[in-house]
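Visitor: To start, I am sharing the structure in question, which I have written as structure tokens.
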Amino acid sequence: MLKLCAALRPAGLLQRAAAAAAAPRARLSTGPQQQHGTFYEFRTYCIRPDQNAAFLKLTNEKVHLRTAHSKLIGYWSVEYGGLNQVFHIWKYDSYSQRAGVRAALSQDAQWISEYISKAMPMLTSQDNEVVYLVPWSQIKPPPQEGGVYELVSFQMRPGGPAVWGEAFRAAVSSHDAPGYGSLVGVFHSEVGHLNRVHALWWYESPDQRAAVRHKSHSDARVVAAVRESVSFLESQSNKLMFPCLFSPLK
């Protein structure tokens with residue numbers, strides 16, 4: 001019996017090796033590669049509860065000192081899903097450009113004295129994440145100003161877009177249709193929480209967003225697309241946010 005097992009073992013190993021070689025190599029890839037250096041920095045600041053209004057007022061008055069150095073995409077105050085928070089998106093052409101911006105800001109006496117020295121004591125924490133637009137998405141302003149934005153963050157299973165990209169795209173696209181929300185952009189994490197995807201949506205109001213959610217639950221097209229994507233999902237979270245007065249995306 002021992003001799004028989006020993007004789008069969010090499011054959012079994014060869015069969016497994018052949019199966020592994022025949023398996024889709026896409027699972028070892030991260031999917032479509034970034035074709036240019038442009039990336040976005042997501043920043044989330046938590047504000048002391050007694051300083052929330054003061055922080056927003058100060059930022060409204062002094063943000064021009066910051067936007068003189070790099071491009072601001074949007075700046076929001078979080079209303080649901082995180083109290084006393086602001087969320088903002090900055091665009092950079094490369095990591096070297098961002099490094100140059102940070103160096104310039106550290107030498108900008110007006111920025112430091114009029115904003116940083118006053119704003120930092122108002123905060124309890126800061127967090128950032130580097131993200132890229134997914135290859136099939138572009139930032140698309142909403143159809144009108146006002147309304148509410150929703151940032152939905154999906155923690156996907158490891159493996160990258162080559163594993164779950166098509167299913168995720170189908171699920172998102174099923175919601176980006178007349179009678180639903182307006183998709184502003186879809187981003188894939190590069191530095192921070194890996195295998196995370198963010199979808200930024202716009203709705204006319206929180207009530208319209210709630211109505212859309214109820215509608216989607218009975219839409220067979222949406223349900224089928226989401227069911228396929230959810231098999232690759234580990235967790236998700238969201239925030240409802242209102243744009244600040246100085247936000248380019250309103």
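Each chain in the structure tokens gets a letter, A, B and so on, in the order shown; residues start at 1 in every chain, and ligands are counted from 1 in the order they appear.
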Quick one: pick out all strand (DSSP E) residues within stretch 75-130 of chain A from a backbone DSSP run and write them as a list in words.
Guide: Tyr75, Trp76, Ser77, Val78, Glu79, Tyr80, Gln85, Val86, Phe87, His88, Ile89, Trp90, Lys91, Tyr92, Leu123, Thr124, Ser125, Gln126, Asp127, Asn128, Glu129 and Val130 of chain A
Visitor: Name the residues in contact with stretch 167-180 of chain A at a cut-off of 6 Å, using only C-alpha atoms, excluding same-chain residues fewer than 3 positions from it; report them as a list of chain:residue names.
Guide: A:Trp164, A:Leu183, A:Val212, A:Val222, A:Ala225, A:Val226, A:Ser229
Visitor: Which of these, A:Phe154, A:Trp111, A:Tyr45, A:Trp136, has the shortest distance to A:Glu234 once you count only C-alpha atoms?
Guide: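 Smallest separation from A:Glu234 among the options: A:Phe154.
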Visitor: Among the residues of stretch 10-249 of chain A, find those DSSP assigns to alpha helix (DSSP H) from the backbone and print them as a count of residues only.
Guide: 85
Visitor: Residues at most 10 Å from A:Gly82, counting only C-alpha atoms, excluding those fewer than 5 positions away in the same chain, as a ChimeraX atom specification?
Guide: /A:46,77,238-241
Visitor: From the set A:Ser125, A:Ser113, A:Ser237, A:Ser70, which residue has the shortest atom-to-atom contact distance to A:Lys91, counting only C-alpha atoms?
Guide: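 Smallest separation from A:Lys91 among the options: A:Ser70.
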Visitor: Smallest atom-to-atom distance to A:Ile139: which of A:Ser106, A:Ser182, A:Ser231, A:Gln208, using only C-alpha atoms?
Guide: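 The answer is A:Ser182, which sits nearest to A:Ile139.
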Visitor: Rank nothing, just name the residue among A:Ala199, A:Leu72, A:Ala103, A:Ala119 nearest to A:His88, using only C-alpha atoms.
Guide: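 Smallest distance to A:His88 is found for A:Leu72.
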Visitor: Do you know which residues are at most 12 Å from A:Glu114 counting only C-alpha atoms, after dropping those on the same chain fewer than 6 positions away, and could you put them as a compact mmCIF listing (two decimals) with all heavy atoms, in the first residue's frame?
Guide:
# COMPACT_ATOMS: atom_id res chain seq x y z
N LEU A 58 -13.71 79.31 9.36
CA LEU A 58 -12.31 79.62 9.09
C LEU A 58 -11.88 79.08 7.74
O LEU A 58 -11.20 79.77 6.96
CB LEU A 58 -11.43 79.04 10.20
CG LEU A 58 -9.92 79.19 10.01
CD1 LEU A 58 -9.51 80.67 10.08
CD2 LEU A 58 -9.16 78.37 11.05
N THR A 59 -12.27 77.85 7.44
CA THR A 59 -11.89 77.23 6.16
C THR A 59 -12.51 77.98 5.00
O THR A 59 -11.86 78.19 3.96
CB THR A 59 -12.30 75.75 6.14
OG1 THR A 59 -11.72 75.08 7.27
CG2 THR A 59 -11.81 75.08 4.86
N GLU A 61 -13.13 81.08 4.84
CA GLU A 61 -12.43 82.36 4.68
C GLU A 61 -11.00 82.21 4.16
O GLU A 61 -10.50 83.10 3.46
CB GLU A 61 -12.39 83.08 6.04
CG GLU A 61 -13.78 83.50 6.55
CD GLU A 61 -13.73 84.03 7.98
OE1 GLU A 61 -12.66 83.88 8.63
OE2 GLU A 61 -14.74 84.55 8.45
N LYS A 62 -10.36 81.08 4.44
CA LYS A 62 -8.94 80.95 4.15
C LYS A 62 -8.58 79.85 3.15
O LYS A 62 -7.39 79.67 2.83
CB LYS A 62 -8.16 80.69 5.45
CG LYS A 62 -8.34 81.78 6.51
CD LYS A 62 -7.82 83.14 6.02
CE LYS A 62 -7.97 84.22 7.09
NZ LYS A 62 -7.45 85.53 6.64
N VAL A 63 -9.57 79.12 2.65
CA VAL A 63 -9.24 78.00 1.77
C VAL A 63 -8.53 78.45 0.50
O VAL A 63 -7.79 77.67 -0.12
CB VAL A 63 -10.52 77.19 1.43
CG1 VAL A 63 -11.43 77.97 0.49
CG2 VAL A 63 -10.17 75.82 0.85
N HIS A 64 -8.71 79.71 0.10
CA HIS A 64 -8.04 80.20 -1.10
C HIS A 64 -6.51 80.15 -0.95
O HIS A 64 -5.80 80.04 -1.95
CB HIS A 64 -8.48 81.64 -1.41
CG HIS A 64 -8.05 82.64 -0.38
ND1 HIS A 64 -8.72 82.82 0.81
CD2 HIS A 64 -7.01 83.53 -0.37
CE1 HIS A 64 -8.12 83.77 1.52
NE2 HIS A 64 -7.09 84.21 0.83
N LEU A 65 -6.03 80.21 0.28
CA LEU A 65 -4.59 80.10 0.50
C LEU A 65 -4.10 78.69 0.16
O LEU A 65 -2.95 78.52 -0.28
CB LEU A 65 -4.25 80.43 1.96
CG LEU A 65 -4.62 81.84 2.43
CD1 LEU A 65 -4.34 81.98 3.92
CD2 LEU A 65 -3.84 82.89 1.64
N ARG A 66 -4.97 77.71 0.36
CA ARG A 66 -4.61 76.32 0.05
C ARG A 66 -4.79 76.00 -1.42
O ARG A 66 -3.95 75.32 -2.03
CB ARG A 66 -5.47 75.38 0.92
CG ARG A 66 -5.25 73.89 0.65
CD ARG A 66 -3.82 73.48 0.96
NE ARG A 66 -3.57 72.09 0.64
CZ ARG A 66 -3.29 71.64 -0.58
NH1 ARG A 66 -3.22 72.48 -1.60
NH2 ARG A 66 -3.07 70.36 -0.78
N ASP A 108 4.89 78.45 3.49
CA ASP A 108 3.92 79.53 3.24
C ASP A 108 3.52 80.15 4.57
O ASP A 108 2.66 79.62 5.29
CB ASP A 108 2.70 78.96 2.51
CG ASP A 108 1.73 80.04 2.04
OD1 ASP A 108 1.65 81.10 2.69
OD2 ASP A 108 1.04 79.82 1.03
N MET A 120 -5.63 73.58 13.35
CA MET A 120 -5.16 72.32 13.93
C MET A 120 -5.68 72.06 15.34
O MET A 120 -6.05 70.93 15.67
CB MET A 120 -3.63 72.24 13.90
CG MET A 120 -3.05 72.06 12.50
SD MET A 120 -3.64 70.57 11.62
CE MET A 120 -4.87 71.28 10.51
Visitor: I'd like the neighbourhood of A:Pro142 as a ChimeraX atom specification, where a residue qualifies if any of its atoms comes within 10 Å (using only C-alpha atoms), though same-chain residues fewer than 4 positions away should be ignored.
Guide: /A:146-147,149,181-184,201-204,249-250
Visitor: Output C-alpha atoms for every residue in that selection, as a PDB file, in the first residue's frame.
Guide:
ATOM      1  CA  GLY A 146     -27.182  71.751  -4.023  1.00  0.00           C
ATOM      2  CA  GLY A 147     -28.535  68.396  -3.035  1.00  0.00           C
ATOM      3  CA  TYR A 149     -23.673  63.609  -1.897  1.00  0.00           C
ATOM      4  CA  GLY A 181     -28.810  58.837  -8.409  1.00  0.00           C
ATOM      5  CA  SER A 182     -26.226  60.689 -10.458  1.00  0.00           C
ATOM      6  CA  LEU A 183     -22.800  59.023 -10.389  1.00  0.00           C
ATOM      7  CA  VAL A 184     -20.042  61.588  -9.839  1.00  0.00           C
ATOM      8  CA  TRP A 201     -23.147  59.816  -5.848  1.00  0.00           C
ATOM      9  CA  TRP A 202     -25.351  62.896  -5.959  1.00  0.00           C
ATOM     10  CA  TYR A 203     -29.071  63.113  -5.071  1.00  0.00           C
ATOM     11  CA  GLU A 204     -31.504  65.986  -5.039  1.00  0.00           C
ATOM     12  CA  LEU A 249     -18.468  70.388  -6.625  1.00  0.00           C
ATOM     13  CA  LYS A 250     -21.720  71.748  -5.229  1.00  0.00           C
TER      14      LYS A 250
END
Visitor: Give the answer as one residue: which of A:Ala54, A:Ala210, A:Gln236, A:Gln126 has the shortest atom-to-atom distance to A:His198, using only C-alpha atoms?
Guide: A:Gln236
Visitor: Out of A:Leu233, A:Leu245, A:Ile112, A:Ala224, which residue has the shortest atom-to-atom distance to A:Ser153 when counting only C-alpha atoms?
Guide: A:Leu233
